[in-house]
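Student: Structure: upload_7.cif, mmCIF, C-alpha atoms.
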data_my_file
loop_
_atom_site.group_PDB
_atom_site.id
_atom_site.type_symbol
_atom_site.label_atom_id
_atom_site.label_comp_id
_atom_site.auth_asym_id
_atom_site.auth_seq_id
_atom_site.Cartn_x
_atom_site.Cartn_y
_atom_site.Cartn_z
ATOM 1 C CA GLN L 784 75.460 -132.597 127.757
ATOM 2 C CA VAL L 785 79.148 -132.641 126.957
ATOM 3 C CA GLN L 786 81.576 -132.644 129.871
ATOM 4 C CA LEU L 787 85.361 -132.608 129.908
ATOM 5 C CA VAL L 788 87.040 -133.122 133.274
ATOM 6 C CA GLU L 789 90.789 -132.787 133.661
ATOM 7 C CA SER L 790 92.806 -134.379 136.453
ATOM 8 C CA GLY L 791 96.378 -135.280 137.306
ATOM 9 C CA GLY L 792 97.883 -131.861 137.821
ATOM 10 C CA GLY L 793 100.065 -131.002 140.788
ATOM 11 C CA LEU L 794 103.443 -129.823 141.986
ATOM 12 C CA VAL L 795 106.555 -131.496 140.590
ATOM 13 C CA GLN L 796 110.252 -130.715 140.517
ATOM 14 C CA ALA L 797 112.016 -129.811 137.297
ATOM 15 C CA GLY L 798 112.912 -132.943 135.377
ATOM 16 C CA GLY L 799 109.937 -134.829 136.773
ATOM 17 C CA SER L 800 106.848 -136.244 135.088
ATOM 18 C CA LEU L 801 103.096 -135.954 135.316
ATOM 19 C CA ARG L 802 100.245 -137.556 133.408
ATOM 20 C CA LEU L 803 97.136 -135.506 132.855
ATOM 21 C CA SER L 804 93.808 -137.134 132.088
ATOM 22 C CA CYS L 805 90.731 -135.690 130.433
ATOM 23 C CA ALA L 806 87.591 -137.744 131.006
ATOM 24 C CA THR L 807 84.875 -136.998 128.485
ATOM 25 C CA SER L 808 81.154 -137.649 128.379
ATOM 26 C CA GLY L 809 78.377 -136.716 125.995
ATOM 27 C CA LEU L 810 80.571 -136.495 122.919
ATOM 28 C CA PRO L 811 79.261 -137.842 119.604
ATOM 29 C CA ARG L 812 79.768 -141.518 118.873
ATOM 30 C CA SER L 813 81.763 -140.420 115.862
ATOM 31 C CA ARG L 814 84.292 -139.113 118.382
ATOM 32 C CA ALA L 815 86.052 -135.798 118.462
ATOM 33 C CA ALA L 816 89.488 -134.426 117.870
ATOM 34 C CA MET L 817 91.020 -133.578 121.216
ATOM 35 C CA GLY L 818 93.513 -130.947 122.195
ATOM 36 C CA TRP L 819 95.476 -129.805 125.215
ATOM 37 C CA PHE L 820 96.161 -126.133 125.803
ATOM 38 C CA ARG L 821 97.784 -124.262 128.673
ATOM 39 C CA GLN L 822 97.666 -120.802 130.147
ATOM 40 C CA ALA L 823 100.300 -119.300 132.416
ATOM 41 C CA PRO L 824 99.533 -116.277 134.614
ATOM 42 C CA GLY L 825 99.368 -113.119 132.523
ATOM 43 C CA GLU L 826 99.737 -115.055 129.297
ATOM 44 C CA GLU L 827 97.388 -116.088 126.522
ATOM 45 C CA ARG L 828 96.153 -119.633 126.284
ATOM 46 C CA GLU L 829 98.442 -121.602 123.974
ATOM 47 C CA PHE L 830 98.340 -124.861 122.077
ATOM 48 C CA VAL L 831 100.203 -127.836 123.532
ATOM 49 C CA ALA L 832 99.107 -130.985 121.695
ATOM 50 C CA ALA L 833 96.255 -132.488 119.698
ATOM 51 C CA VAL L 834 95.104 -135.863 118.428
ATOM 52 C CA THR L 835 92.743 -136.332 115.492
ATOM 53 C CA ARG L 836 89.344 -138.063 115.631
ATOM 54 C CA SER L 837 90.800 -141.275 114.327
ATOM 55 C CA GLY L 838 93.759 -141.094 116.675
ATOM 56 C CA GLY L 839 96.035 -141.577 113.721
ATOM 57 C CA THR L 840 97.767 -138.221 113.831
ATOM 58 C CA THR L 841 99.170 -136.146 116.667
ATOM 59 C CA TYR L 842 100.464 -132.601 116.736
ATOM 60 C CA TYR L 843 102.703 -130.823 119.240
ATOM 61 C CA ALA L 844 103.900 -127.351 119.978
ATOM 62 C CA ASP L 845 107.622 -126.987 119.362
ATOM 63 C CA SER L 846 108.164 -126.192 123.045
ATOM 64 C CA VAL L 847 106.949 -129.636 124.161
ATOM 65 C CA LYS L 848 107.920 -131.831 121.217
ATOM 66 C CA GLY L 849 109.924 -134.824 122.384
ATOM 67 C CA ARG L 850 108.850 -134.352 126.012
ATOM 68 C CA PHE L 851 105.040 -134.594 125.942
ATOM 69 C CA THR L 852 102.874 -137.332 124.439
ATOM 70 C CA ILE L 853 99.143 -137.124 123.769
ATOM 71 C CA SER L 854 97.108 -140.314 123.543
ATOM 72 C CA ARG L 855 93.497 -141.428 123.689
ATOM 73 C CA ASP L 856 91.695 -144.472 125.043
ATOM 74 C CA ASN L 857 88.382 -144.535 123.214
ATOM 75 C CA ALA L 858 87.052 -147.397 125.332
ATOM 76 C CA LYS L 859 87.431 -145.197 128.416
ATOM 77 C CA ASN L 860 86.483 -141.936 126.677
ATOM 78 C CA THR L 861 89.673 -140.444 128.056
ATOM 79 C CA VAL L 862 92.555 -138.465 126.600
ATOM 80 C CA TYR L 863 95.954 -138.308 128.260
ATOM 81 C CA LEU L 864 98.917 -135.990 128.216
ATOM 82 C CA GLN L 865 102.113 -137.612 129.424
ATOM 83 C CA MET L 866 104.575 -134.893 130.385
ATOM 84 C CA ASN L 867 108.224 -135.788 130.922
ATOM 85 C CA SER L 868 111.335 -133.714 131.585
ATOM 86 C CA LEU L 869 109.186 -130.931 132.948
ATOM 87 C CA LYS L 870 110.589 -127.415 133.135
ATOM 88 C CA PRO L 871 109.539 -124.434 135.260
ATOM 89 C CA GLU L 872 108.246 -122.773 132.089
ATOM 90 C CA ASP L 873 105.700 -125.574 131.750
ATOM 91 C CA THR L 874 103.913 -124.158 134.798
ATOM 92 C CA ALA L 875 100.356 -123.297 133.779
ATOM 93 C CA VAL L 876 96.742 -124.314 133.981
ATOM 94 C CA TYR L 877 96.220 -127.099 131.460
ATOM 95 C CA TYR L 878 92.927 -127.416 129.608
ATOM 96 C CA CYS L 879 91.564 -130.133 127.372
ATOM 97 C CA ALA L 880 89.269 -129.305 124.502
ATOM 98 C CA ALA L 881 87.108 -131.177 122.007
ATOM 99 C CA ASP L 882 86.408 -130.463 118.340
ATOM 100 C CA VAL L 883 83.278 -132.324 117.202
ATOM 101 C CA GLY L 884 83.511 -131.287 113.554
ATOM 102 C CA PRO L 885 83.318 -134.126 111.031
ATOM 103 C CA ILE L 886 86.471 -133.366 109.097
ATOM 104 C CA GLU L 887 90.098 -134.075 109.913
ATOM 105 C CA TYR L 888 92.220 -131.063 109.118
ATOM 106 C CA THR L 889 95.922 -130.368 108.937
ATOM 107 C CA ALA L 890 98.032 -129.121 111.827
ATOM 108 C CA GLY L 891 97.241 -125.403 111.692
ATOM 109 C CA TYR L 892 93.577 -125.985 112.382
ATOM 110 C CA TYR L 893 94.224 -127.756 115.682
ATOM 111 C CA TYR L 894 96.542 -125.045 116.948
ATOM 112 C CA ARG L 895 93.689 -122.524 117.121
ATOM 113 C CA LEU L 896 91.475 -122.127 120.195
ATOM 114 C CA GLN L 897 88.540 -121.283 117.936
ATOM 115 C CA SER L 898 88.630 -124.741 116.368
ATOM 116 C CA TYR L 899 87.338 -126.379 119.552
ATOM 117 C CA ASP L 900 83.730 -126.603 120.639
ATOM 118 C CA TYR L 901 84.020 -127.711 124.262
ATOM 119 C CA TRP L 902 86.482 -127.012 127.063
ATOM 120 C CA GLY L 903 87.251 -128.412 130.480
ATOM 121 C CA GLN L 904 87.811 -126.369 133.629
ATOM 122 C CA GLY L 905 91.552 -126.933 133.743
ATOM 123 C CA THR L 906 94.089 -128.486 136.086
ATOM 124 C CA GLN L 907 97.059 -126.678 137.603
ATOM 125 C CA VAL L 908 100.588 -127.872 136.864
ATOM 126 C CA THR L 909 103.417 -126.278 138.831
ATOM 127 C CA VAL L 910 107.044 -127.136 138.139
ATOM 128 C CA SER L 911 109.564 -125.996 140.728
ATOM 129 C CA SER L 912 113.204 -125.311 139.897
#
Any chance you could give the structure as structure tokens?
Tutor:
Amino acid sequence: QVQLVESGGGLVQAGGSLRLSCATSGLPRSRAAMGWFRQAPGEEREFVAAVTRSGGTTYYADSVKGRFTISRDNAKNTVYLQMNSLKPEDTAVYYCAADVGPIEYTAGYYYRLQSYDYWGQGTQVTVSS
């Protein structure tokens, strides 16, 4: 049984930092591409960042490029999202997701919600102005 459990969310002032974690279990030994998405109230869920199965390539939404960093620790089966210089518009529920497909694709594939097979329950991030 695959499980993704996010943690690390909270309330932070604008300009501050948070690090989100996504602990995984039950994923294939061949690993999975991992993504972070977010959903603000009344908005659609949107892509934030992704890292390929090999960990060799990362992708970011333009709105977070240069401020957020996705990384993975395969020994701990955990994916992280380091968020710096946070803005009030970053306020959302953040979700991690796993794509267990065997092929590494180009950026457009990882931006789509439909590309992912498993999702966590989300963690709330609130940035105050």
Student: Name the residues in contact with region 857-864 of chain L at a cut-off of 6 Å, using all atoms listed in the file, excluding same-chain residues fewer than 2 positions from it; report them as an NGL selection string.
Tutor: :L and (802-807 or 852-855)
Student: As a check of understanding, name the residues that the PyMOL selection byres ((chain L and resi 814-816) around 7) selects in the supplied structure, as a list of chain:residue names.
Tutor: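 Matching residues under the PyMOL selection byres ((chain L and resi 814-816) around 7) are L:Leu810, L:Pro811, L:Arg812, L:Ser813, L:Met817, L:Gly818, L:Val834, L:Thr835, L:Arg836, L:Ala881, L:Asp882, L:Val883.
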Student: Applied to the shown file, which residues does the PyMOL selection byres ((chain L and resi 793) around 7) return, written as an MDAnalysis selection string?
Tutor: chainID L and resid 791:792 794:795 907:909
Student: In Å, how far is it from CA of Ala880 (chain L) to CA of Ala823 (chain L)?
Tutor: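 Separation between CA of Ala880 (chain L) and CA of Ala823 (chain L): 16.9 Å.
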Student: Could you state which residues are captured by the PyMOL selection byres ((chain L and resi 910) around 8) in this file, as a list of chain:residue names?
Tutor: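 Evaluating the PyMOL selection byres ((chain L and resi 910) around 8) on this file yields L:Leu794, L:Val795, L:Gln796, L:Ala797, L:Leu869, L:Lys870, L:Pro871, L:Glu872, L:Asp873, L:Thr874, L:Val908, L:Thr909, L:Ser911, L:Ser912.
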Student: To one decimal in Å, tell me the separation between CA of Gly891 (chain L) and CA of Phe820 (chain L).
Tutor: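 Straight-line distance from CA of Gly891 (chain L) to CA of Phe820 (chain L) works out to 14.2 Å.
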Student: Could you write out as JSON the box around region 901-910 of chain L (axis-aligned, all atoms listed in the file, 3 Å on each side), with centre and edge lengths in Å to one decimal?
Tutor:
{"center_x": 95.5, "center_y": -127.4, "center_z": 131.5, "size_x": 29.0, "size_y": 8.2, "size_z": 20.6}
Student: In Å, how far is it from CA of Asp845 (chain L) to CA of Cys879 (chain L)?
Tutor: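 Interatomic distance, CA of Asp845 (chain L) to CA of Cys879 (chain L): 18.2 Å.
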Student: Using all atoms listed in the file, find the one residue out of L:Gly905, L:Phe851, L:Ser846, L:Trp819 that sits nearest to Tyr893 (chain L).
Tutor: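 Comparing L:Gly905, L:Phe851, L:Ser846, L:Trp819 against Tyr893 (chain L), the winner is L:Trp819.
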Student: For a quick check of understanding, using all atoms listed in the file, which of L:Ala890, L:Ala875, L:Val785, L:Leu896 has the smallest distance to Tyr843 (chain L)?
Tutor: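 Among L:Ala890, L:Ala875, L:Val785, L:Leu896, it is L:Ala890 that comes nearest to Tyr843 (chain L).
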Student: Could you check the closest approach to Phe830 (chain L) for each of L:Gln897, L:Ser868, L:Thr906, L:Ser790 and tell me which residue wins, using all atoms listed in the file?
Tutor: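 Of the candidates, the smallest distance to Phe830 (chain L) is held by L:Gln897.
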Student: Please determine, counting all atoms listed in the file, which residue among L:Asn867, L:Ser808, L:Ser800, L:Gln786 has the shortest atom-to-atom distance to Val847 (chain L).
Tutor: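 Ranking L:Asn867, L:Ser808, L:Ser800, L:Gln786 by distance to Val847 (chain L), first place goes to L:Asn867.
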Student: Smallest atom-to-atom distance to Gln822 (chain L): which of L:Leu787, L:Leu801, L:Ile886, L:Val876, using all atoms listed in the file?
Tutor: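 Counting all atoms listed in the file, the residue closest to Gln822 (chain L) is L:Val876.
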